[in-house]
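Source file: entry34.pdb (PDB, C-alpha atoms)
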```pdb
ATOM      1  CA  LYS T   1     139.379 125.652 125.043  1.00  0.00           C
ATOM      2  CA  ASP T   2     141.696 128.436 123.937  1.00  0.00           C
ATOM      3  CA  GLN T   3     141.779 131.400 126.271  1.00  0.00           C
ATOM      4  CA  GLN T   4     140.665 134.637 124.644  1.00  0.00           C
ATOM      5  CA  HIS T   5     142.719 137.735 125.278  1.00  0.00           C
ATOM      6  CA  LEU T   6     141.057 141.118 125.130  1.00  0.00           C
ATOM      7  CA  VAL T   7     143.305 143.917 123.926  1.00  0.00           C
ATOM      8  CA  MET T   8     142.170 147.450 124.732  1.00  0.00           C
ATOM      9  CA  SER T   9     142.508 149.949 121.931  1.00  0.00           C
ATOM     10  CA  PRO T  10     144.609 153.006 122.791  1.00  0.00           C
ATOM     11  CA  LEU T  11     142.536 155.732 124.416  1.00  0.00           C
ATOM     12  CA  ASN T  12     142.860 159.486 124.223  1.00  0.00           C
ATOM     13  CA  VAL T  13     142.781 160.666 127.847  1.00  0.00           C
ATOM     14  CA  ALA T  14     142.530 164.178 129.293  1.00  0.00           C
ATOM     15  CA  VAL T  15     143.586 164.686 132.907  1.00  0.00           C
ATOM     16  CA  ILE T  16     142.385 167.836 134.700  1.00  0.00           C
ATOM     17  CA  HIS T  17     144.332 168.747 137.829  1.00  0.00           C
ATOM     18  CA  LEU T  18     144.252 172.057 139.690  1.00  0.00           C
ATOM     19  CA  ASP T  19     147.942 172.695 140.386  1.00  0.00           C
ATOM     20  CA  LEU T  20     150.898 170.585 139.274  1.00  0.00           C
ATOM     21  CA  GLY T  21     153.108 171.324 142.252  1.00  0.00           C
ATOM     22  CA  GLN T  22     154.989 168.884 144.447  1.00  0.00           C
ATOM     23  CA  GLY T  23     152.272 167.450 146.680  1.00  0.00           C
ATOM     24  CA  GLY T  24     151.052 163.909 147.137  1.00  0.00           C
ATOM     25  CA  ALA T  25     148.036 164.347 144.858  1.00  0.00           C
ATOM     26  CA  GLU T  26     150.324 165.739 142.150  1.00  0.00           C
ATOM     27  CA  ARG T  27     152.712 162.816 142.524  1.00  0.00           C
ATOM     28  CA  GLN T  28     149.815 160.423 142.134  1.00  0.00           C
ATOM     29  CA  THR T  29     148.411 162.228 139.099  1.00  0.00           C
ATOM     30  CA  ILE T  30     151.803 162.176 137.387  1.00  0.00           C
ATOM     31  CA  ASP T  31     152.333 158.481 138.108  1.00  0.00           C
ATOM     32  CA  GLU T  32     148.872 157.685 136.738  1.00  0.00           C
ATOM     33  CA  ALA T  33     149.595 159.647 133.561  1.00  0.00           C
ATOM     34  CA  ILE T  34     152.925 157.884 133.098  1.00  0.00           C
ATOM     35  CA  ALA T  35     151.274 154.500 133.658  1.00  0.00           C
ATOM     36  CA  LEU T  36     148.622 155.291 131.058  1.00  0.00           C
ATOM     37  CA  LYS T  37     151.246 156.394 128.528  1.00  0.00           C
ATOM     38  CA  SER T  38     153.339 153.292 129.161  1.00  0.00           C
ATOM     39  CA  SER T  39     150.231 151.221 128.356  1.00  0.00           C
ATOM     40  CA  GLY T  40     149.956 152.862 124.960  1.00  0.00           C
ATOM     41  CA  HIS T  41     147.347 155.512 125.706  1.00  0.00           C
ATOM     42  CA  ARG T  42     147.640 159.166 124.753  1.00  0.00           C
ATOM     43  CA  VAL T  43     147.525 161.559 127.730  1.00  0.00           C
ATOM     44  CA  THR T  44     147.149 165.337 127.954  1.00  0.00           C
ATOM     45  CA  ILE T  45     147.226 167.045 131.351  1.00  0.00           C
ATOM     46  CA  TYR T  46     145.265 170.278 131.762  1.00  0.00           C
ATOM     47  CA  THR T  47     146.167 172.375 134.793  1.00  0.00           C
ATOM     48  CA  SER T  48     145.721 175.938 135.985  1.00  0.00           C
ATOM     49  CA  HIS T  49     149.277 176.222 137.317  1.00  0.00           C
ATOM     50  CA  HIS T  50     152.621 174.633 136.521  1.00  0.00           C
ATOM     51  CA  ASP T  51     155.707 176.285 137.948  1.00  0.00           C
ATOM     52  CA  ARG T  52     158.667 174.713 136.133  1.00  0.00           C
ATOM     53  CA  THR T  53     160.936 175.646 139.061  1.00  0.00           C
ATOM     54  CA  ARG T  54     158.729 173.900 141.625  1.00  0.00           C
ATOM     55  CA  CYS T  55     157.429 170.691 140.138  1.00  0.00           C
ATOM     56  CA  PHE T  56     158.307 167.059 139.640  1.00  0.00           C
ATOM     57  CA  ASN T  57     160.966 166.476 136.986  1.00  0.00           C
ATOM     58  CA  GLU T  58     158.716 164.243 134.908  1.00  0.00           C
ATOM     59  CA  THR T  59     156.487 167.227 134.085  1.00  0.00           C
ATOM     60  CA  ILE T  60     159.317 169.133 132.388  1.00  0.00           C
ATOM     61  CA  ASP T  61     161.116 166.193 130.806  1.00  0.00           C
ATOM     62  CA  PRO T  62     159.999 166.102 127.136  1.00  0.00           C
ATOM     63  CA  THR T  63     160.615 162.363 127.001  1.00  0.00           C
ATOM     64  CA  ILE T  64     158.061 161.734 129.775  1.00  0.00           C
ATOM     65  CA  LEU T  65     155.293 164.330 130.227  1.00  0.00           C
ATOM     66  CA  GLY T  66     156.991 167.599 129.317  1.00  0.00           C
ATOM     67  CA  ASN T  67     155.139 167.897 125.999  1.00  0.00           C
ATOM     68  CA  ASP T  68     151.794 166.731 127.365  1.00  0.00           C
ATOM     69  CA  ILE T  69     150.927 169.561 129.772  1.00  0.00           C
ATOM     70  CA  GLN T  70     148.708 172.510 128.925  1.00  0.00           C
ATOM     71  CA  VAL T  71     148.224 175.409 131.369  1.00  0.00           C
ATOM     72  CA  TYR T  72     145.025 177.445 131.355  1.00  0.00           C
ATOM     73  CA  GLY T  73     143.525 179.787 133.934  1.00  0.00           C
ATOM     74  CA  ASP T  74     146.634 180.846 135.830  1.00  0.00           C
ATOM     75  CA  TRP T  75     145.368 184.428 135.459  1.00  0.00           C
ATOM     76  CA  ILE T  76     142.414 183.625 137.731  1.00  0.00           C
ATOM     77  CA  PRO T  77     143.249 184.566 141.356  1.00  0.00           C
ATOM     78  CA  ARG T  78     143.569 181.760 143.896  1.00  0.00           C
ATOM     79  CA  HIS T  79     141.475 183.701 146.414  1.00  0.00           C
ATOM     80  CA  LEU T  80     139.798 187.047 146.981  1.00  0.00           C
ATOM     81  CA  TYR T  81     141.389 188.974 149.846  1.00  0.00           C
ATOM     82  CA  GLY T  82     142.304 185.729 151.583  1.00  0.00           C
ATOM     83  CA  LYS T  83     138.818 184.223 151.247  1.00  0.00           C
ATOM     84  CA  LEU T  84     136.792 182.075 148.845  1.00  0.00           C
ATOM     85  CA  HIS T  85     139.670 179.691 148.133  1.00  0.00           C
ATOM     86  CA  ALA T  86     137.323 176.819 147.256  1.00  0.00           C
ATOM     87  CA  LEU T  87     135.221 178.918 144.908  1.00  0.00           C
ATOM     88  CA  MET T  88     138.240 180.310 143.088  1.00  0.00           C
ATOM     89  CA  SER T  89     139.673 176.795 142.730  1.00  0.00           C
ATOM     90  CA  ILE T  90     136.437 175.815 141.028  1.00  0.00           C
ATOM     91  CA  TYR T  91     136.728 178.794 138.668  1.00  0.00           C
ATOM     92  CA  ARG T  92     140.292 177.820 137.759  1.00  0.00           C
ATOM     93  CA  MET T  93     139.293 174.210 137.138  1.00  0.00           C
ATOM     94  CA  LEU T  94     136.220 175.391 135.231  1.00  0.00           C
ATOM     95  CA  TRP T  95     138.408 177.306 132.806  1.00  0.00           C
ATOM     96  CA  CYS T  96     140.529 174.188 132.278  1.00  0.00           C
ATOM     97  CA  SER T  97     137.410 172.111 131.633  1.00  0.00           C
ATOM     98  CA  LEU T  98     136.149 174.636 129.085  1.00  0.00           C
ATOM     99  CA  ARG T  99     139.481 174.465 127.279  1.00  0.00           C
ATOM    100  CA  VAL T 100     139.064 170.695 127.149  1.00  0.00           C
ATOM    101  CA  LEU T 101     135.613 171.077 125.600  1.00  0.00           C
ATOM    102  CA  TRP T 102     136.830 173.750 123.163  1.00  0.00           C
ATOM    103  CA  SER T 103     139.778 171.646 122.110  1.00  0.00           C
ATOM    104  CA  ASP T 104     139.897 170.057 118.664  1.00  0.00           C
ATOM    105  CA  GLU T 105     140.767 166.815 120.393  1.00  0.00           C
ATOM    106  CA  THR T 106     138.162 164.114 120.926  1.00  0.00           C
ATOM    107  CA  TYR T 107     138.801 162.459 124.263  1.00  0.00           C
ATOM    108  CA  ASP T 108     137.613 158.985 125.174  1.00  0.00           C
ATOM    109  CA  VAL T 109     138.105 159.518 128.899  1.00  0.00           C
ATOM    110  CA  ILE T 110     138.381 162.659 131.026  1.00  0.00           C
ATOM    111  CA  PHE T 111     140.065 162.084 134.363  1.00  0.00           C
ATOM    112  CA  VAL T 112     139.047 164.698 136.947  1.00  0.00           C
ATOM    113  CA  ASP T 113     141.163 165.018 140.069  1.00  0.00           C
ATOM    114  CA  GLN T 114     140.158 166.628 143.392  1.00  0.00           C
ATOM    115  CA  VAL T 115     137.483 169.113 142.235  1.00  0.00           C
ATOM    116  CA  SER T 116     134.190 167.438 141.312  1.00  0.00           C
ATOM    117  CA  ALA T 117     132.317 170.689 140.604  1.00  0.00           C
ATOM    118  CA  ILE T 118     133.429 170.736 136.960  1.00  0.00           C
ATOM    119  CA  ILE T 119     131.967 167.317 136.117  1.00  0.00           C
ATOM    120  CA  PRO T 120     128.486 168.621 135.130  1.00  0.00           C
ATOM    121  CA  VAL T 121     130.143 171.072 132.723  1.00  0.00           C
ATOM    122  CA  LEU T 122     132.104 168.259 131.087  1.00  0.00           C
ATOM    123  CA  ARG T 123     128.779 166.535 130.434  1.00  0.00           C
ATOM    124  CA  LEU T 124     127.747 169.315 128.055  1.00  0.00           C
ATOM    125  CA  LYS T 125     129.657 168.017 125.062  1.00  0.00           C
ATOM    126  CA  GLY T 126     130.957 164.735 123.729  1.00  0.00           C
ATOM    127  CA  ALA T 127     130.466 161.063 124.500  1.00  0.00           C
ATOM    128  CA  HIS T 128     133.509 160.757 126.725  1.00  0.00           C
ATOM    129  CA  LYS T 129     133.518 158.885 130.018  1.00  0.00           C
ATOM    130  CA  ILE T 130     134.345 160.839 133.164  1.00  0.00           C
ATOM    131  CA  VAL T 131     136.422 159.325 135.929  1.00  0.00           C
ATOM    132  CA  TYR T 132     136.627 161.223 139.216  1.00  0.00           C
ATOM    133  CA  TYR T 133     139.400 160.585 141.735  1.00  0.00           C
ATOM    134  CA  CYS T 134     138.349 161.687 145.212  1.00  0.00           C
ATOM    135  CA  HIS T 135     141.255 162.005 147.638  1.00  0.00           C
ATOM    136  CA  HIS T 136     139.041 163.299 150.462  1.00  0.00           C
ATOM    137  CA  PRO T 137     135.685 165.107 150.497  1.00  0.00           C
ATOM    138  CA  ASP T 138     136.373 168.831 150.494  1.00  0.00           C
ATOM    139  CA  LEU T 139     133.521 169.574 152.867  1.00  0.00           C
ATOM    140  CA  LEU T 140     135.336 167.668 155.642  1.00  0.00           C
ATOM    141  CA  LEU T 141     138.299 170.036 155.429  1.00  0.00           C
ATOM    142  CA  VAL T 142     136.294 172.993 156.700  1.00  0.00           C
ATOM    143  CA  GLN T 143     136.574 173.589 160.437  1.00  0.00           C
ATOM    144  CA  ASN T 144     134.462 175.584 162.911  1.00  0.00           C
ATOM    145  CA  LYS T 145     131.337 175.587 160.733  1.00  0.00           C
ATOM    146  CA  ALA T 146     129.120 176.066 163.784  1.00  0.00           C
ATOM    147  CA  SER T 147     130.864 179.283 164.816  1.00  0.00           C
ATOM    148  CA  ALA T 148     130.946 180.743 161.293  1.00  0.00           C
ATOM    149  CA  SER T 149     128.825 183.717 160.279  1.00  0.00           C
ATOM    150  CA  THR T 150     125.415 183.157 158.723  1.00  0.00           C
ATOM    151  CA  LEU T 151     126.711 184.215 155.311  1.00  0.00           C
ATOM    152  CA  LYS T 152     129.618 181.798 155.483  1.00  0.00           C
ATOM    153  CA  ARG T 153     127.351 178.947 156.612  1.00  0.00           C
ATOM    154  CA  VAL T 154     125.060 179.564 153.650  1.00  0.00           C
ATOM    155  CA  TYR T 155     128.089 179.668 151.331  1.00  0.00           C
ATOM    156  CA  ARG T 156     129.493 176.427 152.715  1.00  0.00           C
ATOM    157  CA  HIS T 157     126.117 174.696 152.620  1.00  0.00           C
ATOM    158  CA  ALA T 158     125.799 175.521 148.918  1.00  0.00           C
ATOM    159  CA  MET T 159     129.362 174.384 148.221  1.00  0.00           C
ATOM    160  CA  ASP T 160     128.896 171.138 150.162  1.00  0.00           C
ATOM    161  CA  TRP T 161     125.600 170.355 148.423  1.00  0.00           C
ATOM    162  CA  PHE T 162     127.120 170.978 144.997  1.00  0.00           C
ATOM    163  CA  GLU T 163     130.147 168.818 145.806  1.00  0.00           C
ATOM    164  CA  CYS T 164     127.822 165.914 146.538  1.00  0.00           C
ATOM    165  CA  MET T 165     125.608 166.423 143.483  1.00  0.00           C
ATOM    166  CA  SER T 166     128.521 166.909 141.080  1.00  0.00           C
ATOM    167  CA  THR T 167     130.283 163.802 142.388  1.00  0.00           C
ATOM    168  CA  LEU T 168     127.232 161.767 141.406  1.00  0.00           C
ATOM    169  CA  CYS T 169     127.626 162.900 137.781  1.00  0.00           C
ATOM    170  CA  CYS T 170     130.779 160.880 137.059  1.00  0.00           C
ATOM    171  CA  ASP T 171     130.878 157.496 135.326  1.00  0.00           C
ATOM    172  CA  ALA T 172     133.404 156.019 137.740  1.00  0.00           C
ATOM    173  CA  LEU T 173     134.426 157.123 141.224  1.00  0.00           C
ATOM    174  CA  LEU T 174     137.916 156.244 142.426  1.00  0.00           C
ATOM    175  CA  VAL T 175     139.469 156.563 145.894  1.00  0.00           C
ATOM    176  CA  ASN T 176     142.952 155.849 147.202  1.00  0.00           C
ATOM    177  CA  SER T 177     142.193 153.457 150.078  1.00  0.00           C
ATOM    178  CA  GLU T 178     139.513 151.445 151.843  1.00  0.00           C
ATOM    179  CA  TYR T 179     139.523 154.120 154.552  1.00  0.00           C
ATOM    180  CA  THR T 180     138.800 156.887 152.041  1.00  0.00           C
ATOM    181  CA  LYS T 181     136.085 154.718 150.527  1.00  0.00           C
ATOM    182  CA  SER T 182     134.345 154.451 153.907  1.00  0.00           C
ATOM    183  CA  VAL T 183     134.691 158.214 154.463  1.00  0.00           C
ATOM    184  CA  VAL T 184     133.192 158.992 151.049  1.00  0.00           C
ATOM    185  CA  LEU T 185     130.242 156.655 151.638  1.00  0.00           C
ATOM    186  CA  ASP T 186     129.616 158.162 155.074  1.00  0.00           C
ATOM    187  CA  THR T 187     129.911 161.720 153.764  1.00  0.00           C
ATOM    188  CA  PHE T 188     127.723 161.109 150.710  1.00  0.00           C
ATOM    189  CA  PRO T 189     125.253 158.474 151.984  1.00  0.00           C
ATOM    190  CA  ILE T 190     123.194 158.707 148.799  1.00  0.00           C
ATOM    191  CA  LEU T 191     125.954 156.674 147.132  1.00  0.00           C
ATOM    192  CA  LYS T 192     124.872 153.657 149.178  1.00  0.00           C
ATOM    193  CA  GLN T 193     121.652 153.685 147.158  1.00  0.00           C
ATOM    194  CA  MET T 194     123.542 153.780 143.845  1.00  0.00           C
ATOM    195  CA  PRO T 195     125.102 150.333 143.233  1.00  0.00           C
ATOM    196  CA  PHE T 196     126.257 151.449 139.770  1.00  0.00           C
ATOM    197  CA  LEU T 197     128.493 154.178 141.260  1.00  0.00           C
ATOM    198  CA  GLN T 198     130.293 152.596 144.157  1.00  0.00           C
ATOM    199  CA  PRO T 199     133.769 153.978 144.997  1.00  0.00           C
ATOM    200  CA  MET T 200     136.528 151.764 143.662  1.00  0.00           C
ATOM    201  CA  VAL T 201     139.880 151.637 145.414  1.00  0.00           C
ATOM    202  CA  VAL T 202     142.867 152.373 143.180  1.00  0.00           C
ATOM    203  CA  TYR T 203     146.013 152.524 145.245  1.00  0.00           C
ATOM    204  CA  PRO T 204     148.666 155.116 144.324  1.00  0.00           C
ATOM    205  CA  ALA T 205     151.118 153.857 141.754  1.00  0.00           C
ATOM    206  CA  ILE T 206     154.656 153.052 142.826  1.00  0.00           C
ATOM    207  CA  ASP T 207     157.680 153.337 140.571  1.00  0.00           C
ATOM    208  CA  THR T 208     159.626 150.128 141.207  1.00  0.00           C
ATOM    209  CA  SER T 209     162.276 150.729 138.530  1.00  0.00           C
ATOM    210  CA  PRO T 210     164.938 151.963 141.021  1.00  0.00           C
ATOM    211  CA  ALA T 211     164.651 148.638 142.860  1.00  0.00           C
ATOM    212  CA  GLN T 212     165.123 146.550 139.731  1.00  0.00           C
ATOM    213  CA  PRO T 213     168.475 144.685 139.552  1.00  0.00           C
TER     214      PRO T 213
END
```
Output the file's structure in the form of structure tokens.
Amino acid sequence: KDQQHLVMSPLNVAVIHLDLGQGGAERQTIDEAIALKSSGHRVTIYTSHHDRTRCFNETIDPTILGNDIQVYGDWIPRHLYGKLHALMSIYRMLWCSLRVLWSDETYDVIFVDQVSAIIPVLRLKGAHKIVYYCHHPDLLLVQNKASASTLKRVYRHAMDWFECMSTLCCDALLVNSEYTKSVVLDTFPILKQMPFLQPMVVYPAIDTSPAQP
């Protein structure tokens, strides 16, 4: 019996990433975008900050991703007097997500990286699928919660609760390792009761071209 081959039609993909700097998450996001483009898909990266003097070369090379990056929300402060970093990051990502929704483009898939809080907003318009890549639950990055002031504990409790609830709103949940998968399931135990939204491991892409003979 002849084997049937399924060919995926090219997709229009929006990637929303907080800051296209030179970190590991940025490297991974760029490699994913390049991989998608090399597979014939159209990719647009929305970010709140892109410093052309401090970024990976692929993001300024017009033959790779240089023409596919749109910056919105850089006018929003990163913090308020050294505090509320997480909240201001959400505001910056929220502005990017609104620009996606206001765009004339119709996206098939929206890829959200790092900040899950914007996922419910992206549900307001369109029939697109939302993929969320969780590098590590943000609530685990906060230290000394027990010794924090009452106001800060209330603030963090609200942020942690919303991180969990917004994560559950995606269509697919990706993580970068089996370890991260176990951490996500332990941090958000409600996921164990949702077989349709189990974290899937997608290892960071590796560019093997320099090793080719």
As a check of understanding, name the residues that the PyMOL selection byres ((chain T and resi 92-100) around 12) selects in the supplied structure, as number ranges by chain.
T: 13-19, 44-49, 69-79, 85-91, 101-126, 128, 130
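CA of Glu32 in chain T is positioned 20.4 Å from CA of Tyr179 in chain T.
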Given the file above and the PyMOL selection byres ((chain T and resi 167) around 12), which residues are selected, and can you give them as a count of residues only?
40
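CA of Asn12 in chain T to CA of Lys37 in chain T spans 9.9 Å [interatomic distance, one decimal].
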Atomic distance CA of Ser182 in chain T - CA of Ile30 in chain T, expressed in Å with one decimal:
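Interatomic distance, CA of Ser182 in chain T to CA of Ile30 in chain T: 25.2 Å.
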Nearby residues (only C-alpha atoms) at most 10 Å from Asp68 in chain T, same-chain spacing under 3 positions excluded, as a PyMOL selection string:
chain T and resi 14+33+42-46+59-65
Mind checking which residues fall within 12 Å of Asp31 in chain T, counting all atoms listed in the file, ignoring those fewer than 5 positions away in the same chain, and posting them as a list of chain:residue names?
T:Val15, T:Gly24, T:Ala25, T:Glu26, T:Leu36, T:Lys37, T:Ser38, T:Val43, T:Phe56, T:Asn57, T:Glu58, T:Thr59, T:Ile64, T:Leu65, T:Tyr203, T:Pro204, T:Ala205, T:Ile206, T:Asp207, T:Thr208
Nearest to His50 in chain T, restricted to only C-alpha atoms and choosing among T:Val201, T:Leu20, T:Ile34, T:Val183, comes out as T:Leu20
Looking at T:Pro10, T:Gly21, T:Gly66, T:Pro189, which one is nearest to Ser39 in chain T, with distances taken over all atoms listed in the file?
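For Ser39 in chain T, the nearest of the given residues is T:Pro10.
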